[in-house]
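Structure file run27.cif (mmCIF, C-alpha atoms) follows.
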```cif
data_target
loop_
_atom_site.label_atom_id
_atom_site.label_comp_id
_atom_site.auth_asym_id
_atom_site.auth_seq_id
_atom_site.Cartn_x
_atom_site.Cartn_y
_atom_site.Cartn_z
CA THR A 202 3.51 -8.26 -20.14
CA SER A 203 1.72 -11.23 -21.69
CA ALA A 204 -1.59 -10.75 -23.48
CA GLN A 205 -3.30 -12.85 -20.80
CA GLY A 206 -1.80 -10.73 -18.03
CA ARG A 207 -2.88 -7.49 -19.70
CA ALA A 208 -6.39 -8.89 -20.13
CA GLU A 209 -6.56 -9.86 -16.44
CA VAL A 210 -5.48 -6.35 -15.41
CA ARG A 211 -8.01 -4.80 -17.75
CA ASP A 212 -10.79 -7.05 -16.39
CA GLY A 213 -9.91 -6.23 -12.78
CA LYS A 214 -8.56 -9.67 -11.83
CA HIS A 215 -5.27 -8.25 -10.62
CA ASP A 216 -4.90 -5.83 -7.71
CA LEU A 217 -2.59 -3.17 -9.13
CA SER A 218 -1.97 -1.64 -5.69
CA SER A 219 -0.74 -5.02 -4.39
CA ALA A 220 1.42 -5.44 -7.46
CA HIS A 221 2.90 -1.98 -6.96
CA ALA A 222 3.65 -2.75 -3.30
CA HIS A 223 5.40 -5.95 -4.42
CA TRP A 224 7.66 -4.06 -6.84
CA ARG A 225 8.43 -1.45 -4.17
CA ARG A 226 9.72 -4.35 -2.06
CA VAL A 227 11.80 -5.63 -4.99
CA TRP A 228 13.18 -2.09 -5.53
CA CYS A 229 14.19 -1.90 -1.87
CA VAL A 230 15.97 -5.28 -1.95
CA ILE A 231 17.84 -4.48 -5.18
CA HIS A 232 18.91 -1.03 -4.01
CA THR A 233 19.97 -2.30 -0.59
CA GLN A 234 22.27 -4.89 -2.17
CA ALA A 235 23.59 -2.59 -4.90
CA TYR A 236 24.24 0.43 -2.73
CA SER A 237 25.76 -1.60 0.08
CA HIS A 238 28.26 -2.97 -2.43
CA LEU A 239 28.95 0.50 -3.85
CA ALA A 240 29.34 1.88 -0.33
CA VAL A 241 32.11 -0.61 0.39
CA LEU A 242 33.89 0.28 -2.86
CA ALA A 243 33.56 4.01 -2.14
CA GLY A 244 34.57 3.73 1.50
CA GLU A 245 31.17 4.92 2.71
CA GLY A 246 31.35 2.38 5.53
CA ARG A 247 33.46 4.88 7.43
CA ASN A 248 30.43 7.19 7.51
CA ALA A 249 27.89 4.62 8.64
CA VAL A 250 24.80 5.66 10.58
CA ARG A 251 23.16 3.85 13.47
CA MET A 252 19.62 2.59 13.07
CA GLY A 253 17.01 1.19 15.48
CA GLU A 254 17.54 -1.81 17.73
CA GLY A 255 17.18 -5.26 16.19
CA PRO A 256 14.57 -7.48 17.91
CA ALA A 257 16.82 -10.56 17.96
CA THR A 258 19.98 -9.16 19.51
CA GLY A 259 18.83 -5.90 21.09
CA ARG A 260 21.91 -4.23 19.59
CA ARG A 261 21.85 -1.27 17.28
CA ARG A 262 22.42 -2.17 13.66
CA VAL A 263 25.00 -0.10 11.82
CA ARG A 264 23.96 0.81 8.27
CA THR A 265 25.14 3.19 5.58
CA ALA A 266 23.15 6.22 4.52
CA TRP A 267 22.01 4.28 1.45
CA ASP A 268 20.55 1.55 3.65
CA LEU A 269 18.58 4.10 5.62
CA VAL A 270 17.28 5.77 2.44
CA THR A 271 16.17 2.37 1.15
CA ALA A 272 14.47 1.61 4.46
CA VAL A 273 12.56 4.89 4.24
CA ALA A 274 11.43 3.89 0.72
CA ALA A 275 9.85 0.77 2.26
CA HIS A 276 7.77 2.74 4.77
CA GLY A 277 4.24 1.40 5.06
CA LEU A 278 4.85 -1.94 3.35
CA GLU A 279 4.87 -3.91 6.60
CA PRO A 280 5.11 -3.33 10.38
CA ARG A 281 8.65 -2.88 11.68
CA ASP A 282 10.81 -1.52 14.47
CA PRO A 283 11.94 2.15 14.46
CA LEU A 284 14.63 2.97 11.91
CA LEU A 285 16.29 5.67 14.01
CA VAL A 286 15.86 5.72 17.76
CA GLU A 287 17.93 8.89 18.10
CA PRO A 288 18.76 11.72 15.67
CA LEU A 289 21.73 11.39 13.33
CA ASP A 290 24.77 13.55 13.88
CA ASP A 291 25.11 16.56 11.59
CA ASP A 292 27.47 14.96 9.04
CA SER A 293 25.43 11.76 8.77
CA TRP A 294 22.22 13.77 8.44
CA VAL A 295 23.57 15.84 5.55
CA GLN A 296 24.71 12.70 3.76
CA PHE A 297 21.43 10.86 4.33
CA PHE A 298 19.15 13.81 3.60
CA THR A 299 20.99 14.67 0.37
CA LEU A 300 20.58 11.11 -0.90
CA LEU A 301 16.95 10.99 0.16
CA LYS A 302 16.05 14.18 -1.70
CA GLU A 303 17.84 12.92 -4.80
CA GLN A 304 15.52 9.90 -4.73
CA ARG A 305 12.47 12.14 -4.11
CA LEU A 306 11.48 10.28 -0.94
CA ILE A 307 10.69 13.28 1.26
CA GLY A 308 7.01 12.33 1.48
CA LEU A 309 7.81 8.86 2.77
CA LEU A 310 10.34 10.27 5.25
CA ALA A 311 7.73 12.70 6.62
CA ALA A 312 5.29 9.79 6.97
CA ALA A 313 7.92 7.67 8.74
CA VAL A 314 8.65 10.54 11.13
CA GLY A 315 4.94 10.95 11.83
CA ALA A 316 4.65 7.23 12.55
CA GLY A 317 7.46 7.40 15.10
CA GLU A 318 9.90 5.37 12.98
CA VAL A 319 12.53 8.10 12.64
CA ALA A 320 13.82 10.36 15.41
CA LEU A 321 14.85 13.89 14.41
CA SER A 322 16.49 16.82 16.08
CA ALA A 323 14.71 20.18 16.02
CA SER A 324 16.85 21.44 13.12
CA GLN A 325 16.36 18.21 11.19
CA GLN A 326 12.59 18.52 11.63
CA VAL A 327 12.81 22.00 10.10
CA ASP A 328 14.75 20.56 7.14
CA VAL A 329 12.03 17.94 6.59
CA ASP A 330 9.19 20.45 6.92
CA LEU A 331 10.76 22.85 4.41
CA ALA A 332 11.56 20.09 1.92
CA LEU A 333 8.06 18.66 2.24
CA HIS A 334 6.56 22.12 1.66
CA GLU A 335 8.68 22.62 -1.46
CA SER A 336 7.79 19.15 -2.76
CA THR A 337 4.09 19.71 -2.08
CA MET A 338 4.03 23.05 -3.88
CA THR A 339 5.82 21.55 -6.89
CA THR A 340 3.32 18.70 -7.02
CA LEU A 341 0.34 21.05 -6.77
CA PHE A 342 1.63 23.21 -9.62
CA LEU A 343 2.24 20.08 -11.71
CA GLU A 344 -1.29 18.84 -11.01
CA LEU A 345 -2.62 22.18 -12.19
CA SER A 346 -0.53 21.84 -15.34
CA LEU A 347 -1.87 18.29 -15.78
CA VAL A 348 -5.49 19.43 -15.46
CA GLN A 349 -4.94 22.21 -17.99
CA SER A 350 -3.22 19.80 -20.41
CA VAL A 351 -5.93 17.15 -20.33
CA GLU A 352 -8.62 19.80 -20.71
CA LEU A 353 -6.94 20.91 -23.94
CA LEU A 354 -6.80 17.32 -25.18
CA SER A 355 -10.40 16.62 -24.18
CA ASP A 356 -11.70 19.76 -25.88
CA ALA A 357 -9.82 18.74 -29.04
CA LYS A 358 -11.31 15.22 -28.83
CA ILE A 359 -7.84 13.65 -28.49
CA ASP A 360 -7.75 10.49 -26.39
CA TYR A 361 -5.06 10.34 -23.71
CA ARG A 362 -3.77 8.51 -20.65
CA VAL A 363 -1.82 9.87 -17.68
CA LEU A 364 1.40 7.98 -16.95
CA LYS A 365 4.09 7.56 -14.32
CA GLY A 366 4.30 9.87 -11.28
CA ALA A 367 0.91 11.59 -11.40
CA ALA A 368 -0.93 8.34 -12.09
CA VAL A 369 0.99 6.21 -9.60
CA ALA A 370 0.64 8.82 -6.84
CA ARG A 371 -3.15 8.86 -7.19
CA LEU A 372 -3.77 5.17 -7.84
CA ASP A 373 -1.25 3.30 -5.70
CA TYR A 374 -0.51 5.44 -2.63
CA PRO A 375 -2.81 6.22 0.31
CA ASP A 376 -1.68 9.86 0.06
CA PRO A 377 -0.44 11.26 -3.29
CA LEU A 378 2.10 13.41 -1.45
CA LEU A 379 3.99 10.21 -0.64
CA ARG A 380 4.91 10.02 -4.34
CA PRO A 381 6.17 13.40 -5.54
CA TYR A 382 7.09 13.85 -9.18
CA ILE A 383 8.86 16.45 -11.29
CA ASP A 384 7.01 16.50 -14.61
CA VAL A 385 3.76 15.51 -16.35
CA ASP A 386 3.64 12.44 -18.58
CA LEU A 387 0.87 11.90 -21.13
CA VAL A 388 0.41 9.35 -23.90
CA VAL A 389 -1.84 9.80 -26.93
CA PRO A 390 -2.56 7.51 -29.90
CA ALA A 391 0.10 7.64 -32.60
CA SER A 392 -2.52 8.86 -35.05
CA SER A 393 -3.15 11.88 -32.80
CA PHE A 394 0.46 12.67 -31.92
CA ASP A 395 1.01 15.44 -34.49
CA ALA A 396 -2.33 17.04 -33.60
CA ALA A 397 -1.44 16.98 -29.89
CA VAL A 398 1.96 18.54 -30.60
CA ALA A 399 0.33 21.31 -32.64
CA LEU A 400 -2.26 21.83 -29.89
CA PHE A 401 0.29 22.30 -27.10
CA SER A 402 2.50 24.46 -29.32
CA ALA A 403 -0.47 26.71 -30.09
CA HIS A 404 -1.05 27.20 -26.35
CA GLY A 405 2.44 28.43 -25.52
CA CYS A 406 4.33 25.18 -24.91
CA THR A 407 7.87 25.03 -26.32
CA ARG A 408 9.50 21.84 -27.57
CA LEU A 409 12.85 21.27 -25.88
CA HIS A 410 14.13 19.18 -28.79
CA PRO A 411 12.83 20.20 -32.22
CA GLN A 412 12.44 17.25 -34.58
CA PRO A 413 14.84 16.98 -37.55
CA ARG A 414 11.96 16.92 -40.01
CA ALA A 415 8.18 16.73 -40.00
CA GLY A 416 6.85 13.43 -38.68
CA PHE A 417 10.21 12.28 -37.27
CA ASP A 418 9.09 12.14 -33.62
CA ARG A 419 5.85 10.36 -34.41
CA ARG A 420 7.63 7.71 -36.45
CA PHE A 421 10.94 7.24 -34.65
CA THR A 422 11.31 8.81 -31.18
CA LYS A 423 7.64 8.20 -30.29
CA GLY A 424 7.51 11.30 -28.11
CA THR A 425 8.73 14.77 -27.29
CA THR A 426 9.20 17.03 -24.27
CA PHE A 427 7.58 20.44 -23.87
CA LEU A 428 8.27 23.30 -21.51
CA THR A 429 4.92 24.78 -20.47
CA PRO A 430 4.35 28.55 -20.09
CA ALA A 431 4.58 28.01 -16.31
CA GLY A 432 8.03 26.46 -16.70
CA HIS A 433 7.11 22.79 -16.11
CA GLU A 434 8.12 19.84 -18.27
CA LEU A 435 5.44 17.93 -20.16
CA ASP A 436 6.42 14.60 -21.74
CA LEU A 437 4.14 13.58 -24.56
#
```
Could you rewrite the structure in this file as structure tokens?
Amino acid sequence: TSAQGRAEVRDGKHDLSSAHAHWRRVWCVIHTQAYSHLAVLAGEGRNAVRMGEGPATGRRRVRTAWDLVTAVAAHGLEPRDPLLVEPLDDDSWVQFFTLLKEQRLIGLLAAAVGAGEVALSASQQVDVDLALHESTMTTLFLELSLVQSVELLSDAKIDYRVLKGAAVARLDYPDPLLRPYIDVDLVVPASSFDAAVALFSAHGCTRLHPQPRAGFDRRFTKGTTFLTPAGHELDL
């Protein structure tokens, strides 16, 4: 976050994709350690799942559902052995798949399945296909909402930047469907915040949290959340 670091990023001296891959690795390490500890406290070890064979011992490694979700999150970062050499049983699948959808990792799971890293039963493949379809449709509708929002800002001569999910999916992933998201995030200059709020309000967007008084959000909360006419959230 230093001024020098920001200048190097702005001047193209840093590879943002490499940096993002590095932080995905950090995320995976942190979550593996944290969730493994929580699993022991919660007794999840009794519901462990079996993953692919380790190259050193040739024995199957036993991991919790959290470990498998974290491993799916690391798909594509580096070559590795298969995560699941045979489908999970029904109870383990429900536990794993529920956690995975909560973390919005269905795109990475589908990619891991396509790469032969995860074995699925026929019914599990149907679950993945349906979840991927739902995630894809949500993302496409959000991208439409994003395009409409930035067109409004552009026509009004309000500068903006796209943040978080939509930006990361397009800039840092080989396929944007690997990084689904659930809302649109935009930032505008503080001097244009009230104008942007009025603009979206005039085009049918509803503020989820009305400000206590005029200028409060611009000065204190630094943002607000809209519900678009299509029913999607827009964070400004």
Notebook entry, point to check: Using all atoms listed in the file, which of A:Ala316, A:Leu353, A:Ala370, A:Val295 sits nearest Asp282 (chain A)?
Noted result: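 For Asp282 (chain A), the nearest of the given residues is A:Ala316.
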Check: At what distance in Å, to one decimal, does CA of Thr339 (chain A) lie from CA of Gly432 (chain A)?
Finding: 11.2 Å
Notebook entry, point to check: Which residues fall under the PyMOL selection byres ((chain A and resi 359-363) around 8) in this file, as a PyMOL selection string?
Noted result: chain A and resi 351+354-358+364-365+367-368+386-390+393+397
Next item on the list: Rank A:Ala415, A:Ala391, A:Val398, A:Val385 by their smallest atom-to-atom distance to Val348 (chain A), using only C-alpha atoms, and report the top residue only.
Entry: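 Checking each candidate against Val348 (chain A), we get A:Val385 as the closest.
Distance annotation: of A:Leu309, A:Leu278, A:Leu372, A:Ala266, the residue with the minimal separation from Asp292 (chain A) is A:Ala266; atom set is all atoms listed in the file.
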Could you write region 273-284 of chain A as a short mmCIF file (atom, residue, chain, number, x, y, z; two decimals), in the coordinates of the input, with all heavy atoms rebuilt where they are missing?
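File written: out-v4.cif
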```cif
data_model
loop_
_atom_site.label_atom_id
_atom_site.label_comp_id
_atom_site.auth_asym_id
_atom_site.auth_seq_id
_atom_site.Cartn_x
_atom_site.Cartn_y
_atom_site.Cartn_z
N VAL A 273 13.62 3.89 4.30
CA VAL A 273 12.56 4.89 4.24
C VAL A 273 11.65 4.62 3.04
O VAL A 273 10.42 4.76 3.13
CB VAL A 273 13.16 6.30 4.14
CG1 VAL A 273 12.08 7.33 3.82
CG2 VAL A 273 13.84 6.68 5.45
N ALA A 274 12.23 4.19 1.92
CA ALA A 274 11.43 3.89 0.72
C ALA A 274 10.45 2.76 0.98
O ALA A 274 9.41 2.67 0.31
CB ALA A 274 12.34 3.53 -0.44
N ALA A 275 10.73 1.90 1.95
CA ALA A 275 9.85 0.77 2.26
C ALA A 275 8.81 1.11 3.32
O ALA A 275 8.05 0.22 3.74
CB ALA A 275 10.69 -0.41 2.73
N HIS A 276 8.73 2.36 3.72
CA HIS A 276 7.77 2.74 4.77
C HIS A 276 6.35 2.36 4.35
O HIS A 276 5.91 2.62 3.23
CB HIS A 276 7.82 4.24 5.02
CG HIS A 276 6.69 4.72 5.89
ND1 HIS A 276 6.64 4.46 7.24
CD2 HIS A 276 5.55 5.40 5.58
CE1 HIS A 276 5.52 4.97 7.75
NE2 HIS A 276 4.85 5.56 6.75
N GLY A 277 5.63 1.74 5.28
CA GLY A 277 4.24 1.40 5.06
C GLY A 277 4.00 0.05 4.43
O GLY A 277 2.85 -0.40 4.34
N LEU A 278 5.05 -0.63 3.99
CA LEU A 278 4.85 -1.94 3.35
C LEU A 278 4.54 -3.02 4.37
O LEU A 278 3.80 -3.95 4.10
CB LEU A 278 6.09 -2.32 2.54
CG LEU A 278 6.36 -1.45 1.30
CD1 LEU A 278 7.64 -1.91 0.61
CD2 LEU A 278 5.19 -1.50 0.34
N GLU A 279 5.12 -2.92 5.55
CA GLU A 279 4.87 -3.91 6.60
C GLU A 279 5.30 -3.33 7.94
O GLU A 279 6.14 -2.43 7.99
CB GLU A 279 5.65 -5.20 6.31
CG GLU A 279 7.13 -5.00 6.15
CD GLU A 279 7.85 -6.22 5.62
OE1 GLU A 279 7.18 -7.13 5.10
OE2 GLU A 279 9.07 -6.26 5.74
N PRO A 280 4.72 -3.83 9.05
CA PRO A 280 5.11 -3.33 10.38
C PRO A 280 6.59 -3.60 10.65
O PRO A 280 7.14 -4.61 10.23
CB PRO A 280 4.22 -4.14 11.33
CG PRO A 280 3.08 -4.61 10.49
CD PRO A 280 3.65 -4.84 9.12
N ARG A 281 7.24 -2.70 11.38
CA ARG A 281 8.65 -2.88 11.68
C ARG A 281 9.05 -2.04 12.88
O ARG A 281 8.30 -1.18 13.34
CB ARG A 281 9.51 -2.51 10.48
CG ARG A 281 9.35 -1.04 10.07
CD ARG A 281 10.12 -0.73 8.81
NE ARG A 281 9.97 0.67 8.43
CZ ARG A 281 10.45 1.16 7.30
NH1 ARG A 281 11.10 0.39 6.46
NH2 ARG A 281 10.29 2.45 7.01
N ASP A 282 10.26 -2.29 13.37
CA ASP A 282 10.81 -1.52 14.47
C ASP A 282 11.25 -0.14 13.97
O ASP A 282 11.41 0.07 12.76
CB ASP A 282 12.02 -2.25 15.07
CG ASP A 282 11.62 -3.57 15.72
OD1 ASP A 282 10.52 -3.62 16.30
OD2 ASP A 282 12.40 -4.54 15.62
N PRO A 283 11.46 0.82 14.88
CA PRO A 283 11.94 2.15 14.46
C PRO A 283 13.25 2.06 13.68
O PRO A 283 14.11 1.22 13.97
CB PRO A 283 12.13 2.87 15.79
CG PRO A 283 11.19 2.20 16.73
CD PRO A 283 11.19 0.75 16.33
N LEU A 284 13.39 2.94 12.69
CA LEU A 284 14.63 2.97 11.91
C LEU A 284 15.72 3.73 12.64
O LEU A 284 16.88 3.35 12.61
CB LEU A 284 14.36 3.65 10.55
CG LEU A 284 13.31 3.00 9.66
CD1 LEU A 284 13.13 3.83 8.39
CD2 LEU A 284 13.70 1.58 9.32
#
```
